[in-house]
$ cat query19.json   # JSON, C-alpha atoms
[["chain", "number", "residue", "atom", "x", "y", "z"],
["A", 126, "MET", "CA", -24.32, -18.01, 21.72],
["A", 127, "ALA", "CA", -25.38, -16.01, 18.68],
["A", 128, "PHE", "CA", -23.04, -13.37, 17.45],
["A", 129, "ASP", "CA", -24.02, -9.88, 18.54],
["A", 130, "LEU", "CA", -22.65, -7.04, 16.46],
["A", 131, "LYS", "CA", -23.42, -4.51, 19.19],
["A", 132, "ASN", "CA", -21.15, -6.26, 21.65],
["A", 133, "TRP", "CA", -18.45, -6.42, 19.06],
["A", 134, "TYR", "CA", -18.71, -2.65, 18.57],
["A", 135, "LEU", "CA", -18.54, -2.00, 22.29],
["A", 136, "GLU", "CA", -15.37, -3.98, 22.55],
["A", 137, "LYS", "CA", -13.68, -2.27, 19.62],
["A", 138, "LYS", "CA", -14.71, 1.21, 20.60],
["A", 139, "GLN", "CA", -12.59, 1.36, 23.69],
["A", 140, "GLY", "CA", -10.36, 4.40, 23.81],
["A", 141, "ASP", "CA", -10.62, 7.59, 21.72],
["A", 142, "ILE", "CA", -12.47, 6.94, 18.49],
["A", 143, "ILE", "CA", -10.76, 8.71, 15.62],
["A", 144, "LEU", "CA", -12.91, 7.23, 12.89],
["A", 145, "GLU", "CA", -15.75, 4.81, 12.71],
["A", 146, "TYR", "CA", -17.49, 3.70, 9.55],
["A", 147, "ASN", "CA", -19.75, 0.93, 8.44],
["A", 148, "GLY", "CA", -21.17, 0.53, 4.97],
["A", 149, "GLY", "CA", -19.95, 0.05, 1.45],
["A", 150, "ILE", "CA", -16.18, 0.17, 1.04],
["A", 151, "THR", "CA", -15.50, 2.15, -2.14],
["A", 152, "PRO", "CA", -12.52, 4.14, -3.45],
["A", 153, "GLU", "CA", -14.40, 7.36, -2.64],
["A", 154, "LEU", "CA", -15.04, 6.25, 0.91],
["A", 155, "ILE", "CA", -11.36, 5.37, 1.35],
["A", 156, "SER", "CA", -10.34, 8.87, 0.19],
["A", 157, "GLU", "CA", -12.83, 10.51, 2.52],
["A", 158, "ALA", "CA", -11.86, 8.36, 5.49],
["A", 159, "LEU", "CA", -8.18, 9.13, 4.98],
["A", 160, "GLU", "CA", -8.86, 12.84, 4.72],
["A", 161, "SER", "CA", -10.92, 12.69, 7.86],
["A", 162, "ILE", "CA", -8.24, 11.01, 9.96],
["A", 163, "GLU", "CA", -5.61, 13.39, 8.58],
["A", 164, "ASN", "CA", -7.68, 16.23, 9.96],
["A", 165, "SER", "CA", -8.12, 14.69, 13.39],
["A", 166, "LEU", "CA", -6.31, 16.33, 16.26],
["A", 167, "ASN", "CA", -4.99, 13.02, 17.48],
["A", 168, "MET", "CA", -3.13, 12.54, 14.23],
["A", 169, "LYS", "CA", -2.05, 16.16, 13.89],
["A", 170, "ASN", "CA", -0.33, 16.01, 17.27],
["A", 171, "GLU", "CA", 1.30, 12.66, 16.55],
["A", 172, "LYS", "CA", 4.97, 12.09, 15.75],
["A", 173, "ASN", "CA", 5.64, 12.07, 12.03],
["A", 174, "ARG", "CA", 6.88, 8.48, 12.08],
["A", 175, "VAL", "CA", 3.78, 7.12, 13.83],
["A", 176, "ARG", "CA", 1.40, 9.27, 11.86],
["A", 177, "LYS", "CA", 2.61, 7.98, 8.52],
["A", 178, "LYS", "CA", 2.50, 4.42, 9.80],
["A", 179, "VAL", "CA", -1.12, 4.85, 10.89],
["A", 180, "TYR", "CA", -2.11, 6.33, 7.50],
["A", 181, "ASN", "CA", -0.31, 3.62, 5.62],
["A", 182, "VAL", "CA", -1.72, 0.72, 7.63],
["A", 183, "PHE", "CA", -5.18, 2.31, 7.67],
["A", 184, "VAL", "CA", -5.24, 2.57, 3.88],
["A", 185, "GLU", "CA", -3.88, -0.95, 3.49],
["A", 186, "SER", "CA", -6.55, -2.31, 5.82],
["A", 187, "LEU", "CA", -9.34, -0.51, 3.98],
["A", 188, "GLN", "CA", -8.06, -1.58, 0.60],
["A", 189, "ASN", "CA", -7.81, -5.15, 1.83],
["A", 190, "LEU", "CA", -11.51, -4.88, 2.65],
["A", 191, "TYR", "CA", -12.26, -3.17, -0.66],
["A", 192, "HIS", "CA", -10.64, -5.97, -2.64],
["A", 193, "HIS", "CA", -12.11, -8.84, -0.65],
["A", 194, "VAL", "CA", -15.46, -8.07, 0.90],
["A", 195, "ASP", "CA", -18.72, -9.68, -0.11],
["A", 196, "LEU", "CA", -22.37, -8.90, 0.16],
["A", 197, "PRO", "CA", -23.44, -9.36, 3.79],
["A", 198, "PRO", "CA", -26.06, -11.97, 4.64],
["A", 199, "SER", "CA", -29.55, -10.61, 4.08],
["A", 200, "THR", "CA", -30.47, -11.22, 7.71],
["A", 201, "ALA", "CA", -27.55, -9.20, 9.10],
["A", 202, "PRO", "CA", -28.50, -5.98, 10.90],
["A", 203, "VAL", "CA", -26.40, -3.87, 8.56],
["A", 204, "GLU", "CA", -26.62, -1.91, 5.33],
["A", 205, "GLN", "CA", -27.13, -4.27, 2.38],
["A", 206, "SER", "CA", -24.24, -2.91, 0.42],
["A", 207, "SER", "CA", -22.39, -5.11, -2.04],
["A", 208, "ASN", "CA", -19.08, -4.44, -0.33],
["A", 209, "PHE", "CA", -20.00, -4.04, 3.27],
["A", 210, "GLY", "CA", -17.29, -3.56, 5.84],
["A", 211, "ILE", "CA", -16.68, -1.90, 9.19],
["A", 212, "ILE", "CA", -13.59, 0.03, 10.18],
["A", 213, "ILE", "CA", -12.78, 1.63, 13.50],
["A", 214, "LEU", "CA", -9.61, 3.56, 14.22],
["A", 215, "SER", "CA", -9.07, 4.37, 17.86],
["A", 216, "LYS", "CA", -6.33, 5.45, 20.16],
["A", 217, "ASP", "CA", -6.32, 3.23, 23.20],
["A", 218, "GLY", "CA", -3.63, 4.21, 25.67],
["A", 219, "THR", "CA", -0.28, 4.11, 23.90],
["A", 220, "PHE", "CA", -1.63, 2.13, 20.95],
["A", 221, "TYR", "CA", -3.58, 2.91, 17.84],
["A", 222, "ARG", "CA", -5.97, 0.13, 17.03],
["A", 223, "ILE", "CA", -7.47, -0.48, 13.62],
["A", 224, "SER", "CA", -10.36, -2.91, 13.80],
["A", 225, "THR", "CA", -12.09, -4.18, 10.73],
["A", 226, "GLY", "CA", -15.09, -6.43, 10.50],
["A", 227, "ASN", "CA", -16.86, -8.03, 7.60],
["A", 228, "PHE", "CA", -19.01, -11.00, 6.74],
["A", 229, "VAL", "CA", -17.45, -13.79, 4.76],
["A", 230, "LYS", "CA", -18.80, -17.04, 3.41],
["A", 231, "LYS", "CA", -17.96, -19.99, 5.62],
["A", 232, "GLU", "CA", -15.85, -21.70, 2.97],
["A", 233, "LYS", "CA", -13.35, -18.83, 3.01],
["A", 234, "LEU", "CA", -12.59, -19.26, 6.70],
["A", 235, "ASN", "CA", -9.77, -21.76, 6.37],
["A", 236, "TYR", "CA", -8.06, -19.78, 3.66],
["A", 237, "ILE", "CA", -8.08, -16.57, 5.68],
["A", 238, "LYS", "CA", -7.10, -18.34, 8.88],
["A", 239, "ASP", "CA", -4.16, -20.16, 7.28],
["A", 240, "ARG", "CA", -2.98, -16.98, 5.68],
["A", 241, "ILE", "CA", -2.95, -15.02, 8.92],
["A", 242, "ASP", "CA", -1.50, -17.87, 10.97],
["A", 243, "GLN", "CA", 1.32, -18.15, 8.50],
["A", 244, "VAL", "CA", 2.12, -14.44, 8.62],
["A", 245, "ASN", "CA", 1.87, -14.44, 12.42],
["A", 246, "SER", "CA", 4.26, -17.37, 12.70],
["A", 247, "LEU", "CA", 7.13, -15.55, 11.03],
["A", 248, "SER", "CA", 9.96, -13.64, 12.68],
["A", 249, "ASP", "CA", 10.62, -10.04, 11.62],
["A", 250, "GLU", "CA", 13.42, -11.18, 9.39],
["A", 251, "GLU", "CA", 11.27, -13.90, 7.80],
["A", 252, "VAL", "CA", 8.52, -11.36, 7.16],
["A", 253, "ARG", "CA", 11.00, -9.12, 5.38],
["A", 254, "MET", "CA", 12.36, -11.99, 3.27],
["A", 255, "LEU", "CA", 8.91, -13.28, 2.31],
["A", 256, "TYR", "CA", 7.82, -9.75, 1.42],
["A", 257, "ARG", "CA", 10.78, -9.41, -0.93],
["A", 258, "ASP", "CA", 10.10, -12.82, -2.47],
["A", 259, "ILE", "CA", 6.48, -12.00, -3.23],
["A", 260, "LEU", "CA", 7.36, -8.51, -4.41],
["A", 261, "ASN", "CA", 9.80, -9.98, -6.89],
["A", 262, "ASN", "CA", 7.66, -12.79, -8.28],
["A", 263, "ASP", "CA", 6.00, -11.85, -11.51],
["A", 264, "GLU", "CA", 2.54, -12.90, -10.55],
["A", 265, "PHE", "CA", 0.22, -10.05, -10.06],
["A", 266, "SER", "CA", -3.12, -10.85, -8.57],
["A", 267, "GLU", "CA", -6.00, -9.17, -10.34],
["A", 268, "LYS", "CA", -6.93, -7.62, -7.08],
["A", 269, "GLY", "CA", -3.72, -5.72, -7.06],
["A", 270, "GLY", "CA", -1.66, -6.49, -4.02],
["A", 271, "GLY", "CA", -0.41, -9.88, -5.03],
["A", 272, "GLY", "CA", -0.76, -11.12, -1.49],
["A", 273, "LEU", "CA", 1.38, -8.48, 0.16],
["A", 274, "GLY", "CA", -1.32, -6.72, 2.20],
["A", 275, "MET", "CA", -1.30, -8.69, 5.45],
["A", 276, "LEU", "CA", 2.43, -9.13, 5.31],
["A", 277, "ASP", "CA", 2.93, -5.42, 4.90],
["A", 278, "ILE", "CA", 0.69, -4.66, 7.87],
["A", 279, "VAL", "CA", 2.62, -7.04, 10.12],
["A", 280, "ARG", "CA", 5.90, -5.67, 8.90],
["A", 281, "LYS", "CA", 4.97, -2.03, 9.46],
["A", 282, "THR", "CA", 3.33, -2.53, 12.85],
["A", 283, "GLY", "CA", 5.75, -5.13, 14.16],
["A", 284, "ASN", "CA", 2.75, -6.72, 15.86],
["A", 285, "LYS", "CA", 0.84, -9.92, 15.25],
["A", 286, "LEU", "CA", -2.59, -9.77, 13.67],
["A", 287, "GLU", "CA", -5.42, -10.54, 16.07],
["A", 288, "TYR", "CA", -8.38, -12.18, 14.48],
["A", 289, "TYR", "CA", -11.67, -13.71, 15.52],
["A", 290, "PHE", "CA", -14.24, -15.61, 13.57],
["A", 291, "TYR", "CA", -17.80, -15.48, 14.84],
["A", 292, "GLN", "CA", -20.39, -17.80, 13.44],
["A", 293, "PHE", "CA", -23.28, -15.70, 12.15],
["A", 294, "ASP", "CA", -25.47, -18.35, 10.56],
["A", 295, "ASP", "CA", -25.03, -21.59, 8.63],
["A", 296, "GLU", "CA", -23.56, -19.77, 5.70],
["A", 297, "TYR", "CA", -21.70, -16.78, 7.06],
["A", 298, "ILE", "CA", -18.90, -15.95, 9.44],
["A", 299, "PHE", "CA", -18.15, -12.51, 10.86],
["A", 300, "PHE", "CA", -14.44, -11.92, 10.43],
["A", 301, "SER", "CA", -12.90, -9.50, 12.88],
["A", 302, "LEU", "CA", -9.33, -8.25, 12.57],
["A", 303, "ASP", "CA", -7.38, -6.02, 14.94],
["A", 304, "VAL", "CA", -4.12, -4.35, 14.12],
["A", 305, "TYR", "CA", -2.09, -2.45, 16.69],
["A", 306, "ILE", "CA", 0.34, 0.36, 15.98],
["A", 307, "SER", "CA", 2.54, 1.78, 18.69],
["B", 264, "MET", "CA", 19.83, 9.00, -40.93],
["B", 265, "TYR", "CA", 20.09, 12.29, -39.09],
["B", 266, "THR", "CA", 16.41, 13.02, -39.51],
["B", 267, "LEU", "CA", 15.48, 9.59, -38.27],
["B", 268, "VAL", "CA", 17.50, 9.96, -35.06],
["B", 269, "ASN", "CA", 16.12, 13.41, -34.65],
["B", 270, "ARG", "CA", 12.63, 12.14, -35.00],
["B", 271, "ILE", "CA", 13.09, 9.46, -32.40],
["B", 272, "ALA", "CA", 14.61, 11.97, -30.01],
["B", 273, "THR", "CA", 11.77, 14.42, -30.35],
["B", 274, "SER", "CA", 9.07, 11.82, -30.28],
["B", 275, "MET", "CA", 9.75, 11.27, -26.58],
["B", 276, "GLU", "CA", 7.22, 13.53, -25.01],
["B", 277, "THR", "CA", 7.63, 14.87, -21.52],
["B", 278, "ILE", "CA", 4.93, 13.66, -19.21],
["B", 279, "ILE", "CA", 3.99, 15.64, -16.15],
["B", 280, "ARG", "CA", 1.19, 14.53, -13.89],
["B", 281, "GLU", "CA", 0.15, 16.54, -10.92],
["B", 282, "GLY", "CA", -0.23, 14.69, -7.65],
["B", 283, "SER", "CA", -3.60, 13.86, -6.11],
["B", 284, "PRO", "CA", -4.60, 12.61, -2.66],
["B", 285, "LYS", "CA", -3.99, 9.06, -3.84],
["B", 286, "THR", "CA", -1.45, 9.40, -6.62],
["B", 287, "PRO", "CA", 2.02, 10.92, -6.81],
["B", 288, "PHE", "CA", 3.42, 13.76, -8.87],
["B", 289, "VAL", "CA", 5.19, 12.24, -11.87],
["B", 290, "ARG", "CA", 7.65, 13.82, -14.27],
["B", 291, "LEU", "CA", 9.14, 11.89, -17.14],
["B", 292, "ASP", "CA", 11.57, 13.94, -19.20],
["B", 293, "GLY", "CA", 13.20, 11.98, -22.01],
["B", 294, "GLU", "CA", 15.39, 14.79, -23.19],
["B", 295, "LYS", "CA", 16.98, 15.54, -19.83],
["B", 296, "GLY", "CA", 16.83, 11.92, -18.76],
["B", 297, "VAL", "CA", 14.83, 12.52, -15.61],
["B", 298, "VAL", "CA", 12.26, 10.28, -13.99],
["B", 299, "GLU", "CA", 10.61, 11.71, -10.90],
["B", 300, "ILE", "CA", 7.92, 10.31, -8.64],
["B", 301, "LYS", "CA", 6.93, 12.25, -5.53],
["B", 302, "GLY", "CA", 4.17, 12.19, -2.98],
["B", 303, "ARG", "CA", 1.96, 9.30, -2.03],
["B", 304, "SER", "CA", 0.91, 6.37, -4.10],
["B", 305, "ILE", "CA", -2.18, 4.61, -2.81],
["B", 306, "PRO", "CA", -4.58, 4.11, -5.71],
["B", 307, "GLU", "CA", -6.88, 1.07, -5.60],
["B", 308, "ASN", "CA", -5.91, 0.25, -9.14],
["B", 309, "SER", "CA", -2.18, 0.86, -9.34],
["B", 310, "VAL", "CA", -1.73, -1.06, -12.55],
["B", 311, "GLU", "CA", -4.00, 1.38, -14.33],
["B", 312, "PHE", "CA", -2.22, 4.39, -12.86],
["B", 313, "TYR", "CA", 1.28, 3.14, -13.68],
["B", 314, "LYS", "CA", 0.60, 1.75, -17.14],
["B", 315, "PRO", "CA", 1.28, 5.02, -19.02],
["B", 316, "ILE", "CA", 4.55, 5.35, -17.10],
["B", 317, "ILE", "CA", 5.61, 1.81, -17.97],
["B", 318, "ASP", "CA", 4.64, 2.42, -21.61],
["B", 319, "TRP", "CA", 6.66, 5.63, -21.65],
["B", 320, "LEU", "CA", 9.69, 3.84, -20.20],
["B", 321, "GLU", "CA", 9.43, 1.12, -22.78],
["B", 322, "LYS", "CA", 9.54, 3.70, -25.55],
["B", 323, "PHE", "CA", 12.30, 5.62, -23.77],
["B", 324, "GLY", "CA", 14.30, 2.38, -23.58],
["B", 325, "GLU", "CA", 14.50, 2.29, -27.37],
["B", 326, "ALA", "CA", 16.41, 5.58, -27.44],
["B", 327, "PRO", "CA", 17.36, 6.52, -23.89],
["B", 328, "SER", "CA", 19.25, 9.63, -22.91],
["B", 329, "GLU", "CA", 22.95, 9.19, -22.23],
["B", 330, "GLU", "CA", 22.28, 9.11, -18.52],
["B", 331, "THR", "CA", 19.08, 8.85, -16.57],
["B", 332, "ASN", "CA", 18.46, 10.23, -13.12],
["B", 333, "VAL", "CA", 15.62, 8.76, -11.16],
["B", 334, "ASN", "CA", 14.27, 10.55, -8.10],
["B", 335, "ILE", "CA", 11.81, 8.71, -5.92],
["B", 336, "GLN", "CA", 10.51, 10.70, -2.99],
["B", 337, "LEU", "CA", 7.46, 8.97, -1.66],
["B", 338, "GLU", "CA", 5.62, 9.81, 1.49],
["B", 339, "TYR", "CA", 4.11, 6.33, 1.58],
["B", 340, "PHE", "CA", 2.68, 3.80, -0.83],
["B", 341, "ASN", "CA", 0.32, 0.83, -0.78],
["B", 342, "THR", "CA", 1.30, -2.73, -1.58],
["B", 343, "SER", "CA", -0.36, -2.63, -4.96],
["B", 344, "SER", "CA", 1.92, 0.28, -5.93],
["B", 345, "SER", "CA", 4.97, -1.55, -4.64],
["B", 346, "LYS", "CA", 4.92, -4.01, -7.54],
["B", 347, "CYS", "CA", 4.43, -1.24, -10.07],
["B", 348, "ILE", "CA", 7.41, 0.63, -8.67],
["B", 349, "LEU", "CA", 9.47, -2.53, -9.02],
["B", 350, "ASP", "CA", 8.25, -2.81, -12.59],
["B", 351, "ILE", "CA", 9.54, 0.71, -13.29],
["B", 352, "PHE", "CA", 12.92, -0.17, -11.81],
["B", 353, "LYS", "CA", 13.11, -3.32, -13.95],
["B", 354, "ARG", "CA", 12.58, -1.26, -17.11],
["B", 355, "LEU", "CA", 15.30, 1.12, -15.96],
["B", 356, "GLU", "CA", 17.58, -1.79, -15.18],
["B", 357, "LEU", "CA", 17.35, -2.92, -18.82],
["B", 358, "ILE", "CA", 18.41, 0.55, -19.97],
["B", 359, "HIS", "CA", 21.30, 0.56, -17.50],
["B", 360, "LYS", "CA", 22.46, -2.89, -18.64],
["B", 361, "LYS", "CA", 22.46, -1.81, -22.27],
["B", 362, "GLY", "CA", 25.08, 0.80, -21.44],
["B", 363, "ASN", "CA", 23.19, 4.00, -20.69],
["B", 364, "PRO", "CA", 23.82, 4.57, -17.00],
["B", 365, "VAL", "CA", 20.84, 4.97, -14.69],
["B", 366, "GLU", "CA", 21.01, 6.13, -11.11],
["B", 367, "ILE", "CA", 18.22, 5.90, -8.59],
["B", 368, "ASN", "CA", 17.94, 8.38, -5.74],
["B", 369, "TRP", "CA", 15.65, 7.08, -3.05],
["B", 370, "TYR", "CA", 14.59, 9.82, -0.64],
["B", 371, "TYR", "CA", 13.29, 9.16, 2.84],
["B", 372, "GLU", "CA", 12.64, 11.29, 5.90],
["B", 373, "GLU", "CA", 15.17, 10.83, 8.67],
["B", 374, "ASP", "CA", 12.88, 8.96, 11.06],
["B", 375, "ASP", "CA", 10.99, 7.00, 8.42],
["B", 376, "GLU", "CA", 12.24, 3.47, 8.87],
["B", 377, "ASP", "CA", 9.46, 2.07, 6.64],
["B", 378, "MET", "CA", 10.50, 4.10, 3.63],
["B", 379, "PHE", "CA", 14.15, 3.34, 4.34],
["B", 380, "GLU", "CA", 13.41, -0.39, 4.42],
["B", 381, "ALA", "CA", 11.35, -0.15, 1.25],
["B", 382, "GLY", "CA", 14.39, 1.37, -0.42],
["B", 383, "GLU", "CA", 16.48, -1.52, 0.84],
["B", 384, "ASP", "CA", 13.97, -3.99, -0.63],
["B", 385, "TYR", "CA", 14.36, -2.54, -4.10],
["B", 386, "GLN", "CA", 18.08, -2.18, -3.72],
["B", 387, "SER", "CA", 18.32, -5.90, -2.96],
["B", 388, "ILE", "CA", 16.37, -6.83, -6.09],
["B", 389, "ILE", "CA", 17.56, -4.33, -8.69],
["B", 390, "ASN", "CA", 21.02, -3.98, -10.14],
["B", 391, "ILE", "CA", 21.31, -0.25, -10.63],
["B", 392, "PRO", "CA", 23.35, 2.27, -8.60],
["B", 393, "PHE", "CA", 20.95, 3.07, -5.79],
["B", 394, "LYS", "CA", 21.48, 6.02, -3.48],
["B", 395, "MET", "CA", 19.56, 6.32, -0.23],
["B", 396, "ILE", "CA", 19.14, 9.97, 0.61],
["B", 397, "GLU", "CA", 18.02, 11.01, 4.05],
["B", 398, "MET", "CA", 16.00, 14.20, 4.27],
["B", 399, "GLU", "CA", 15.74, 16.25, 7.42],
["B", 400, "GLU", "CA", 12.24, 16.94, 8.59]]

$ encode --input "query19.json" --output "structure tokens"
Amino acid sequence: MAFDLKNWYLEKKQGDIILEYNGGITPELISEALESIENSLNMKNEKNRVRKKVYNVFVESLQNLYHHVDLPPSTAPVEQSSNFGIIILSKDGTFYRISTGNFVKKEKLNYIKDRIDQVNSLSDEEVRMLYRDILNNDEFSEKGGGGLGMLDIVRKTGNKLEYYFYQFDDEYIFFSLDVYIS
Amino acid sequence: MYTLVNRIATSMETIIREGSPKTPFVRLDGEKGVVEIKGRSIPENSVEFYKPIIDWLEKFGEAPSEETNVNIQLEYFNTSSSKCILDIFKRLELIHKKGNPVEINWYYEEDDEDMFEAGEDYQSIINIPFKMIEMEE
């Protein structure tokens, strides 16, 4: 069955939507989005500890997109922005969910999948140790994070990353990632 | 000789940078031996933001103050800042090893386990007296 972005949205928009955005992911957008969630009542009424975690993971997720997204396929029903991404922050019951979606070239699939599977396979203690190892190696990826982004998200949330790859066409995959914060 | 020392000492300018929604307040005072970073650090390009600080520390390392107090009081930071912060600590570690004591004060809010753990990360990597200071909300 062909991938339907509308259905994907419906699924991710369960619960109270705190922020929803689709379009180009730029530094300005990230600032605006952060300001907007800081001003939301949901966040204002939240415990300090959880609130900071949500901000931190939200920014990390958006910056992950910023550093890695590509131009969407020309046939996709979305804005043709050079760094197109979708982000939805919602409160669903006792959880906050951050869902991101973006189109990636098919050849990147294995790399992303292996990366997430590896992070998901680690215990809390292993995550901490690997984080320290990467932090302390001198390599600094040009994109900034040096490979710490996903690891940091798993560490801060204490939850596994949930991902789905949907085939869009022969060239592109829609990569969907859900992060839960409780 | 006196004038030369004097010149080095006065050439260390104090840097103060006001905080912004994505970058922390920074104060680098060579004369008093104070390094302060407060607020949040989430710029997309952390290397660019931290470069002047690293450059300052490199210069400071040539003629450091007798003691240096480092106060880090971050609300939260992104992973790209985390490496830059480590870089700062590594510069300070060199100064400490050369015989001019450095002490790091790492502030965290009482319920902020993430910031506490981040402090532990640095403490495990860096060989400088490292104080974890809990702040009440």

$ atom_distance --input "query19.json" --atom1 "atom CA of B:Phe393" --atom2 "atom CA of B:Glu366"
6.1 Å

$ interface_residues --input "query19.json" --of "chain B" --to "chain A" --cutoff "12 Å" --atoms "all atoms listed in the file" --output "count of residues only"
51

$ atom_distance --input "query19.json" --atom1 "atom CA of A:Glu163" --atom2 "atom CA of A:Ile211"
18.9 Å

$ residues_near_point --input "query19.json" --point "(-23.5, -12.8, 15.7)" --cutoff "7 Å" --atoms "all atoms listed in the file" --output "mmCIF file with C-alpha atoms, in the coordinates of the input"
data_model
loop_
_atom_site.group_PDB
_atom_site.id
_atom_site.type_symbol
_atom_site.label_atom_id
_atom_site.label_comp_id
_atom_site.auth_asym_id
_atom_site.auth_seq_id
_atom_site.Cartn_x
_atom_site.Cartn_y
_atom_site.Cartn_z
ATOM 1 C CA ALA A 127 -25.380 -16.010 18.680
ATOM 2 C CA PHE A 128 -23.040 -13.370 17.450
ATOM 3 C CA ASP A 129 -24.020 -9.880 18.540
ATOM 4 C CA LEU A 130 -22.650 -7.040 16.460
ATOM 5 C CA TYR A 291 -17.800 -15.480 14.840
ATOM 6 C CA GLN A 292 -20.390 -17.800 13.440
ATOM 7 C CA PHE A 293 -23.280 -15.700 12.150
#

$ atom_distance --input "query19.json" --atom1 "atom CA of B:Trp319" --atom2 "atom CA of B:Met275"
8.1 Å

$ closest_residue --input "query19.json" --among "A:Leu255, A:Leu154, A:Val244, A:Val194" --to "A:Val229" --atoms "only C-alpha atoms"
A:Val194

$ residues_around --input "query19.json" --residues "B:Gly296" --least-positions-apart "6" --cutoff "10 Å" --atoms "only C-alpha atoms" --output "list in words"
Phe323, Pro327, Ser328, Glu329, Glu330, Thr331, Asn332, Val333 and Val365 of chain B

$ closest_residue --input "query19.json" --among "A:Leu234, A:Ile142, A:Ala158, A:Val279" --to "A:Val252" --atoms "all atoms listed in the file"
A:Val279

$ build_atoms --input "query19.json" --residues "stretch 158-163 of chain A" --atoms "all heavy atoms" --output "short mmCIF file (atom, residue, chain, number, x, y, z; two decimals), in the frame of the given file"
data_model
loop_
_atom_site.label_atom_id
_atom_site.label_comp_id
_atom_site.auth_asym_id
_atom_site.auth_seq_id
_atom_site.Cartn_x
_atom_site.Cartn_y
_atom_site.Cartn_z
N ALA A 158 -12.27 8.83 4.16
CA ALA A 158 -11.86 8.36 5.49
C ALA A 158 -10.42 8.81 5.79
O ALA A 158 -10.12 9.25 6.89
CB ALA A 158 -11.98 6.84 5.57
N LEU A 159 -9.58 8.73 4.79
CA LEU A 159 -8.18 9.13 4.98
C LEU A 159 -8.11 10.63 5.28
O LEU A 159 -7.41 11.06 6.20
CB LEU A 159 -7.35 8.78 3.74
CG LEU A 159 -5.88 9.16 3.80
CD1 LEU A 159 -5.17 8.45 4.95
CD2 LEU A 159 -5.18 8.83 2.48
N GLU A 160 -8.85 11.40 4.51
CA GLU A 160 -8.86 12.84 4.72
C GLU A 160 -9.35 13.17 6.14
O GLU A 160 -8.80 14.03 6.82
CB GLU A 160 -9.77 13.50 3.69
CG GLU A 160 -9.41 14.94 3.43
CD GLU A 160 -10.46 15.63 2.58
OE1 GLU A 160 -10.96 15.00 1.61
OE2 GLU A 160 -10.80 16.77 2.91
N SER A 161 -10.36 12.43 6.54
CA SER A 161 -10.92 12.69 7.86
C SER A 161 -9.93 12.37 8.98
O SER A 161 -9.80 13.14 9.94
CB SER A 161 -12.22 11.90 7.98
OG SER A 161 -12.45 11.51 9.30
N ILE A 162 -9.19 11.28 8.87
CA ILE A 162 -8.24 11.01 9.96
C ILE A 162 -7.04 11.96 9.90
O ILE A 162 -6.47 12.31 10.92
CB ILE A 162 -7.78 9.52 10.05
CG1 ILE A 162 -6.91 9.09 8.89
CG2 ILE A 162 -8.96 8.58 10.20
CD1 ILE A 162 -6.22 7.75 9.13
N GLU A 163 -6.71 12.41 8.69
CA GLU A 163 -5.61 13.39 8.58
C GLU A 163 -5.96 14.69 9.29
O GLU A 163 -5.08 15.40 9.76
CB GLU A 163 -5.32 13.69 7.11
CG GLU A 163 -4.49 12.63 6.45
CD GLU A 163 -4.34 12.87 4.95
OE1 GLU A 163 -5.17 13.58 4.35
OE2 GLU A 163 -3.40 12.33 4.37
#
